[in-house]
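Okay, coords-v1.txt now, which holds compact mmCIF, C-alpha atoms and all ligand atoms:
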# COMPACT_ATOMS: atom_id res chain seq x y z
CA MET Y 1 81.78 102.86 67.42
CA ARG Y 2 81.11 106.48 66.41
CA LYS Y 3 82.90 107.57 69.55
CA CYS Y 4 85.85 105.38 68.58
CA ALA Y 5 85.91 106.79 65.08
CA MET Y 6 85.97 110.32 66.47
CA ALA Y 7 88.76 109.39 68.85
CA VAL Y 8 90.78 107.97 65.98
CA LEU Y 9 90.17 111.02 63.84
CA ALA Y 10 91.24 113.29 66.70
CA ALA Y 11 94.29 111.14 67.33
CA VAL Y 12 95.23 111.18 63.66
CA LEU Y 13 94.90 114.95 63.56
CA MET Y 14 96.94 115.31 66.73
CA GLY Y 15 99.44 112.95 65.25
CA ILE Y 16 99.76 115.10 62.16
CA LEU Y 17 100.11 118.21 64.27
CA SER Y 18 102.66 116.89 66.74
CA GLY Y 19 104.39 114.97 63.99
CA CYS Y 20 105.04 118.29 62.27
CA ALA Y 21 106.74 119.65 65.36
CA ALA Y 22 109.52 117.05 65.39
CA LYS Y 23 110.20 115.13 62.20
CA PRO Y 24 107.55 115.00 59.50
CA ALA Y 25 105.78 111.68 59.83
CA ASP Y 26 105.48 109.44 56.78
CA PRO Y 27 102.15 110.53 55.16
CA GLU Y 28 101.24 106.85 54.74
CA ASN Y 29 101.23 106.50 58.51
CA ARG Y 30 98.03 108.51 58.70
CA ALA Y 31 96.15 105.47 57.52
CA VAL Y 32 97.64 103.26 60.23
CA VAL Y 33 95.55 102.78 63.36
CA VAL Y 34 97.05 101.36 66.55
CA GLY Y 35 94.87 100.07 69.38
CA PHE Y 36 96.57 100.52 72.75
CA SER Y 37 95.24 98.68 75.81
CA GLN Y 38 96.83 100.22 78.88
CA LEU Y 39 96.32 98.34 82.13
CA GLY Y 40 95.60 101.23 84.48
CA ALA Y 41 96.93 104.38 86.10
CA GLU Y 42 98.23 102.88 89.35
CA SER Y 43 101.58 104.70 89.55
CA SER Y 44 103.59 107.64 88.22
CA TRP Y 45 105.45 105.07 86.13
CA ARG Y 46 102.21 104.02 84.43
CA ILE Y 47 101.11 107.59 83.79
CA ALA Y 48 104.48 108.42 82.23
CA ASN Y 49 104.28 105.23 80.15
CA THR Y 50 100.84 106.14 78.76
CA LYS Y 51 102.13 109.59 77.85
CA SER Y 52 105.16 108.08 76.16
CA VAL Y 53 103.03 105.79 73.96
CA GLU Y 54 100.60 108.59 73.09
CA ALA Y 55 103.35 111.07 72.28
CA ALA Y 56 105.21 108.57 70.09
CA ALA Y 57 102.05 107.67 68.14
CA GLY Y 58 101.62 111.39 67.52
CA GLN Y 59 105.22 111.77 66.39
CA TYR Y 60 104.89 108.95 63.92
CA GLY Y 61 101.51 110.24 62.72
CA PHE Y 62 99.62 107.05 63.58
CA GLY Y 63 96.01 107.04 64.68
CA LEU Y 64 95.83 105.77 68.24
CA MET Y 65 92.88 104.32 70.14
CA THR Y 66 93.77 104.15 73.83
CA GLU Y 67 91.69 102.20 76.33
CA ASN Y 68 92.60 102.28 80.01
CA ALA Y 69 91.47 99.18 81.89
CA ASN Y 70 91.61 100.54 85.41
CA GLN Y 71 93.44 97.49 86.73
CA LYS Y 72 90.84 95.03 85.43
CA GLN Y 73 91.85 92.15 83.18
CA GLU Y 74 88.25 91.81 81.85
CA LYS Y 75 88.38 95.41 80.68
CA GLN Y 76 91.62 94.75 78.80
CA ILE Y 77 90.04 91.73 77.13
CA ASP Y 78 87.04 93.88 76.12
CA ALA Y 79 89.36 96.57 74.77
CA ILE Y 80 91.28 94.08 72.65
CA ARG Y 81 88.01 92.66 71.32
CA SER Y 82 86.87 96.17 70.36
CA PHE Y 83 90.20 96.75 68.54
CA ILE Y 84 89.67 93.51 66.62
CA ALA Y 85 86.11 94.54 65.73
CA TYR Y 86 87.44 97.89 64.54
CA GLN Y 87 90.14 96.10 62.53
CA VAL Y 88 93.02 98.20 63.81
CA ASP Y 89 96.36 97.60 62.09
CA VAL Y 90 98.34 96.70 65.22
CA ILE Y 91 97.38 96.00 68.83
CA VAL Y 92 99.75 97.27 71.50
CA PHE Y 93 98.99 96.00 74.94
CA SER Y 94 100.37 95.89 78.44
CA PRO Y 95 99.01 92.77 80.18
CA ILE Y 96 98.16 93.37 83.82
CA VAL Y 97 98.88 89.73 84.68
CA GLU Y 98 100.64 87.01 82.73
CA THR Y 99 97.88 84.43 82.33
CA GLY Y 100 94.38 84.33 80.86
CA TRP Y 101 94.98 85.87 77.42
CA ASP Y 102 94.93 82.84 75.14
CA ASN Y 103 91.38 83.20 73.83
CA VAL Y 104 91.48 86.89 73.03
CA LEU Y 105 94.97 86.75 71.53
CA ASN Y 106 93.92 83.81 69.37
CA GLU Y 107 91.06 85.97 68.14
CA ALA Y 108 93.55 88.69 67.19
CA LYS Y 109 95.62 86.09 65.41
CA GLN Y 110 92.62 84.80 63.46
CA ALA Y 111 91.93 88.39 62.45
CA ASN Y 112 95.56 88.75 61.28
CA ILE Y 113 96.26 91.64 63.61
CA PRO Y 114 99.81 91.64 65.00
CA VAL Y 115 100.17 92.16 68.74
CA ILE Y 116 103.07 94.02 70.33
CA LEU Y 117 103.34 93.49 74.08
CA VAL Y 118 104.63 96.53 75.89
CA ASP Y 119 106.04 96.58 79.42
CA ARG Y 120 104.68 93.22 80.65
CA MET Y 121 104.74 89.67 79.26
CA ILE Y 122 102.22 86.88 78.95
CA ALA Y 123 102.71 83.28 80.03
CA SER Y 124 101.07 80.49 78.07
CA GLU Y 125 102.09 77.21 76.51
CA ASN Y 126 101.48 78.87 73.17
CA ALA Y 127 102.87 82.28 74.11
CA ASP Y 128 105.22 82.27 71.12
CA ASP Y 129 102.31 82.15 68.69
CA LEU Y 130 100.29 84.82 70.42
CA TYR Y 131 102.43 87.93 70.01
CA THR Y 132 104.79 89.38 67.46
CA ALA Y 133 107.15 91.37 69.67
CA TYR Y 134 107.80 92.44 73.23
CA VAL Y 135 109.20 95.82 74.30
CA GLY Y 136 109.89 96.18 78.00
CA ALA Y 137 112.36 95.92 80.82
CA ASP Y 138 114.36 92.92 81.87
CA PHE Y 139 112.71 92.67 85.29
CA TYR Y 140 114.86 89.73 86.36
CA ALA Y 141 117.97 91.89 85.85
CA GLU Y 142 116.31 94.64 87.90
CA GLY Y 143 115.77 92.22 90.79
CA CYS Y 144 119.42 91.15 90.51
CA ARG Y 145 120.54 94.78 90.70
CA ALA Y 146 118.52 95.24 93.88
CA GLY Y 147 120.19 92.15 95.37
CA GLU Y 148 123.67 93.19 94.23
CA TYR Y 149 123.23 96.55 95.93
CA LEU Y 150 122.22 94.87 99.18
CA ILE Y 151 125.28 92.62 99.12
CA ARG Y 152 127.55 95.63 98.58
CA LYS Y 153 125.80 97.56 101.36
CA ALA Y 154 126.00 94.64 103.80
CA ASP Y 155 129.73 94.32 103.03
CA ALA Y 156 130.30 98.07 103.47
CA GLU Y 157 128.40 98.22 106.78
CA ARG Y 158 129.60 94.81 107.98
CA MET Y 159 126.01 93.66 108.51
CA GLU Y 160 125.71 90.14 109.83
CA HIS Y 161 122.06 89.17 110.04
CA VAL Y 162 119.85 91.14 107.67
CA ARG Y 163 116.07 90.78 108.00
CA ILE Y 164 114.31 91.73 104.80
CA ALA Y 165 110.61 92.42 104.23
CA GLU Y 166 109.48 92.48 100.63
CA ILE Y 167 106.58 94.65 99.44
CA SER Y 168 105.75 93.11 96.10
CA GLY Y 169 103.76 94.29 93.08
CA THR Y 170 100.58 92.91 91.53
CA PRO Y 171 100.52 89.10 91.94
CA ASP Y 172 101.04 87.17 88.67
CA SER Y 173 102.44 90.25 86.89
CA THR Y 174 105.81 89.99 85.14
CA PRO Y 175 107.59 92.72 87.14
CA MET Y 176 106.37 91.18 90.41
CA ARG Y 177 107.52 87.69 89.51
CA ASP Y 178 110.85 88.59 88.00
CA ARG Y 179 111.89 91.33 90.40
CA GLN Y 180 111.31 88.79 93.15
CA ARG Y 181 113.14 85.97 91.39
CA GLY Y 182 116.15 88.09 90.43
CA PHE Y 183 116.49 89.41 93.97
CA LEU Y 184 116.17 85.98 95.61
CA ASP Y 185 118.58 84.34 93.18
CA THR Y 186 121.16 87.04 93.90
CA ILE Y 187 121.06 87.02 97.69
CA GLY Y 188 120.00 83.35 97.93
CA GLU Y 189 123.33 81.72 98.71
CA ASP Y 190 124.42 84.35 101.19
CA GLY Y 191 123.65 83.24 104.75
CA ARG Y 192 123.50 86.81 106.08
CA PHE Y 193 120.10 87.43 104.51
CA GLU Y 194 116.70 86.33 105.72
CA ILE Y 195 113.40 87.19 104.04
CA ILE Y 196 111.06 87.56 106.99
CA ASP Y 197 107.94 88.44 104.97
CA SER Y 198 106.61 89.16 101.51
CA ILE Y 199 103.30 90.97 101.05
CA SER Y 200 101.67 92.52 98.02
CA GLY Y 201 101.07 96.25 97.76
CA ASP Y 202 99.73 95.99 94.18
CA PHE Y 203 102.10 98.75 92.98
CA LEU Y 204 99.92 101.36 94.77
CA ARG Y 205 101.15 104.10 97.09
CA SER Y 206 98.15 103.70 99.41
CA LYS Y 207 98.86 99.99 99.74
CA GLY Y 208 102.54 100.71 100.36
CA GLU Y 209 101.38 102.68 103.41
CA GLU Y 210 99.14 99.82 104.52
CA CYS Y 211 101.89 97.24 104.06
CA MET Y 212 104.40 99.29 106.07
CA THR Y 213 101.88 99.81 108.87
CA PHE Y 214 101.20 96.07 108.94
CA LEU Y 215 104.90 95.19 108.95
CA LEU Y 216 105.68 97.60 111.78
CA GLU Y 217 102.83 96.20 113.85
CA LYS Y 218 103.97 92.64 113.20
CA TYR Y 219 107.75 92.95 113.60
CA GLY Y 220 108.25 96.23 115.47
CA ARG Y 221 110.73 98.89 114.40
CA ASP Y 222 113.69 96.80 115.52
CA GLY Y 223 112.55 93.65 113.76
CA ILE Y 224 113.12 94.81 110.15
CA ASP Y 225 116.43 95.86 108.61
CA VAL Y 226 115.52 96.24 104.94
CA ILE Y 227 112.42 96.93 102.85
CA TYR Y 228 112.70 95.71 99.27
CA SER Y 229 109.78 97.28 97.43
CA HIS Y 230 108.88 96.48 93.83
CA ASN Y 231 108.05 100.07 92.87
CA ASP Y 232 108.53 103.69 93.92
CA SER Y 233 104.86 104.39 94.59
CA MET Y 234 104.73 101.72 97.31
CA THR Y 235 108.13 102.79 98.63
CA LEU Y 236 107.06 106.42 98.96
CA GLY Y 237 103.94 105.28 100.84
CA ALA Y 238 106.08 103.13 103.15
CA LEU Y 239 108.52 105.99 103.64
CA ASP Y 240 105.70 108.29 104.84
CA ILE Y 241 104.67 105.72 107.43
CA LEU Y 242 108.24 105.26 108.67
CA GLU Y 243 108.68 109.00 109.13
CA LYS Y 244 105.28 109.37 110.81
CA ASN Y 245 106.48 106.78 113.33
CA GLY Y 246 109.73 108.59 114.00
CA ILE Y 247 111.77 105.96 112.16
CA GLN Y 248 114.54 107.27 109.91
CA PRO Y 249 114.20 105.76 106.45
CA ALA Y 250 117.47 104.66 104.84
CA LYS Y 251 119.15 104.66 108.27
CA ASP Y 252 117.03 102.74 110.79
CA ILE Y 253 115.48 100.68 108.00
CA LEU Y 254 117.10 100.48 104.55
CA LEU Y 255 114.91 101.09 101.51
CA ILE Y 256 115.51 99.53 98.10
CA THR Y 257 113.06 100.47 95.37
CA VAL Y 258 112.47 100.06 91.63
CA ASP Y 259 111.38 102.56 88.92
CA GLY Y 260 113.31 105.83 89.28
CA GLU Y 261 110.56 108.43 89.31
CA ARG Y 262 111.69 111.93 90.22
CA GLU Y 263 110.28 111.88 93.76
CA ALA Y 264 112.16 108.68 94.58
CA VAL Y 265 115.43 109.91 93.08
CA GLU Y 266 115.08 113.14 95.08
CA ALA Y 267 114.50 111.05 98.22
CA LEU Y 268 117.65 109.05 97.39
CA LYS Y 269 119.68 112.25 97.04
CA ALA Y 270 118.22 113.51 100.34
CA GLY Y 271 119.35 110.31 102.11
CA ARG Y 272 115.81 108.96 102.61
CA ILE Y 273 116.09 105.99 100.21
CA ASN Y 274 119.19 103.80 99.78
CA CYS Y 275 118.89 102.39 96.28
CA VAL Y 276 116.77 103.10 93.21
CA VAL Y 277 116.83 100.46 90.49
CA GLN Y 278 115.89 102.06 87.20
CA CYS Y 279 112.95 100.99 85.05
CA THR Y 280 112.14 103.35 82.23
CA PRO Y 281 108.53 104.09 81.23
CA GLU Y 282 109.74 105.65 77.95
CA LEU Y 283 108.85 102.74 75.72
CA GLY Y 284 106.56 104.50 73.23
CA ASP Y 285 109.17 105.48 70.69
CA GLU Y 286 110.53 101.97 70.33
CA VAL Y 287 107.02 100.51 70.07
CA MET Y 288 106.00 102.91 67.29
CA ARG Y 289 109.25 102.28 65.45
CA LEU Y 290 108.33 98.59 65.44
CA VAL Y 291 104.80 99.41 64.23
CA GLN Y 292 106.34 101.38 61.37
CA ASP Y 293 108.73 98.55 60.48
CA LEU Y 294 105.92 96.00 60.62
CA LYS Y 295 103.77 98.07 58.27
CA ALA Y 296 106.73 98.39 55.91
CA GLY Y 297 107.09 94.61 55.91
CA ARG Y 298 110.46 94.64 57.66
CA GLU Y 299 111.57 92.01 60.20
CA ILE Y 300 111.28 93.22 63.77
CA PRO Y 301 113.13 91.99 66.85
CA ARG Y 302 111.14 89.67 69.04
CA VAL Y 303 112.38 91.16 72.32
CA THR Y 304 113.68 94.67 73.01
CA HIS Y 305 114.92 95.64 76.48
CA PRO Y 306 115.78 99.27 77.23
CA LYS Y 307 119.16 99.97 78.80
CA GLU Y 308 118.85 100.46 82.55
CA GLY Y 309 120.99 100.66 85.67
CA ALA Y 310 120.71 101.51 89.37
CA PHE Y 311 121.58 104.45 91.62
CA SER Y 312 122.45 104.13 95.29
CA ASP Y 313 124.00 105.74 98.32
CA LEU Y 314 127.20 103.87 97.41
CA ASP Y 315 127.48 105.89 94.18
CA ASP Y 316 128.30 109.48 93.34
CA LEU Y 317 124.85 111.06 93.50
CA THR Y 318 126.07 114.39 92.14
CA ASP Y 319 126.54 112.75 88.74
CA PRO Y 320 124.02 114.44 86.37
CA ALA Y 321 123.03 110.99 85.09
CA VAL Y 322 121.34 110.41 88.44
CA GLU Y 323 117.97 111.74 87.40
CA GLY Y 324 114.35 110.63 87.69
CA PHE Y 325 111.53 110.66 85.15
O1 LIG I 401 107.38 99.30 88.03
C1 LIG I 401 105.17 100.06 88.43
C2 LIG I 401 103.96 99.99 87.61
O2 LIG I 401 105.06 97.15 84.88
C3 LIG I 401 107.21 98.11 85.05
O3 LIG I 401 104.10 98.78 86.89
C4 LIG I 401 105.78 98.25 85.34
C5 LIG I 401 105.46 98.48 86.79
C6 LIG I 401 106.18 99.64 87.43
O4 LIG I 401 102.81 100.15 88.25
O5 LIG I 401 105.40 101.31 89.00
Structure encoded using structure tokens:
Amino acid sequence: MRKCAMAVLAAVLMGILSGCAAKPADPENRAVVVGFSQLGAESSWRIANTKSVEAAAGQYGFGLMTENANQKQEKQIDAIRSFIAYQVDVIVFSPIVETGWDNVLNEAKQANIPVILVDRMIASENADDLYTAYVGADFYAEGCRAGEYLIRKADAERMEHVRIAEISGTPDSTPMRDRQRGFLDTIGEDGRFEIIDSISGDFLRSKGEECMTFLLEKYGRDGIDVIYSHNDSMTLGALDILEKNGIQPAKDILLITVDGEREAVEALKAGRINCVVQCTPELGDEVMRLVQDLKAGREIPRVTHPKEGAFSDLDDLTDPAVEGF
């Protein structure tokens, strides 16, 4: 607990310092402590997201206790329990999977600590009672954008039979479920498309490499037309394997990816990826604004989705808006 107290003190001091740099934070915020349970550090997206939450807490002058769960649900549960024991003012948490949170979130509720979900959602019969607000992407819309791109591309190239392999994210996570559902719902009625396989790469670059190797062994280079990958890390891993095998990404096999990190957007501009569906990791500011409103007793919106779009080889890629994070 002493370690935690030191961390909070350091965070509060950093908050005051960085708060001074931008706008002066409300002095009352110094007394507010936010417990942030991050799920891991599996991708550039996640690392940028952690930074965004930490920077925003600093800007607002809140004390922040961050716990990184290294991809383990049990560690997130432990972190939330430690925040409850510490009696933080607000718990901010990014659930690695959707299910299995009822007990710990009920404990937070009993302790009267509001919970703001960031990035990912929970699924439970009582979900509505277990959190105060959600800030994160509309993953279903992202999946739809991926599907809409593919339809446009198939029209433009007059493709007739399109064999798609999906490399999906962490099973039972919101982005995995909804990016899949949105994509399938969009291409579903169109007889040109066939999903030949769907395997999980857990949002990791190394597993993206493994998945691509497996798919090439199983279907051969001429047996796959499109890879739909649920994040850039896995796509960049798959891209390396394609190039190592002398296969031209974005030409021999089309690549559709989600996130929009700089490396992927550069690859799109270089003609090595076909479509990047945006998903912003910059959620910290909105989350801390909600924390501030909550502490001030104001009503806060239950769901906030950032504005997002998609970039592709069918667009003008010289537009300065085409930029990664
Ligand atoms: O797309 C991926 C990360 O939940 C939106 O998690 C997030 C996803 C993101 O590991 O890169």
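Minimum atom-to-atom distance to ligand LIG 401 (chain I), evaluated using all atoms listed in the file, belongs to Y:Met176 out of Y:Leu215, Y:Ile253, Y:Leu184, Y:Met176.
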>> Between Y:Ile151, Y:Ala25, Y:Met121, Y:Ile91, which residue has the minimum interatomic distance to ligand LIG 401 (chain I), considering only C-alpha atoms and all ligand atoms?
In response: Y:Met121
>> What residues of the protein or nucleic acid chains come within 6 Å of ligand LIG 401 (chain I) when you use only C-alpha atoms and all ligand atoms? Reply as a ChimeraX atom specification.
In response: /Y:42-43,45-46,119-120,175,203,231,259
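Counting all atoms listed in the file and comparing Y:Pro171, Y:Gly63, Y:Gly237, Y:Pro306, the residue that lies closest to Pro27 in chain Y is Y:Gly63.
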> So which residues touch Ala31 in chain Y within 10 Å, counting only C-alpha atoms, skipping near sequence neighbours fewer than 6 positions away, as an MDAnalysis selection string?
Replying inline: chainID Y and resid 12 61:63 89
If you count all atoms listed in the file, which residues fall within 7 Å of Val53 in chain Y, apart from same-chain ones fewer than 5 positions away, as a compact mmCIF listing (two decimals) with C-alpha atoms, in the coordinates of the input?
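After the write, around-v9.txt holds the following:
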# COMPACT_ATOMS: atom_id res chain seq x y z
CA LEU Y 283 108.85 102.74 75.72
CA GLY Y 284 106.56 104.50 73.23
CA ASP Y 285 109.17 105.48 70.69
>> For a test of reading the model, state the distance in Å between CA of Pro95 in chain Y and CA of Arg289 in chain Y, rounded to one decimal.
In response: 20.3 Å
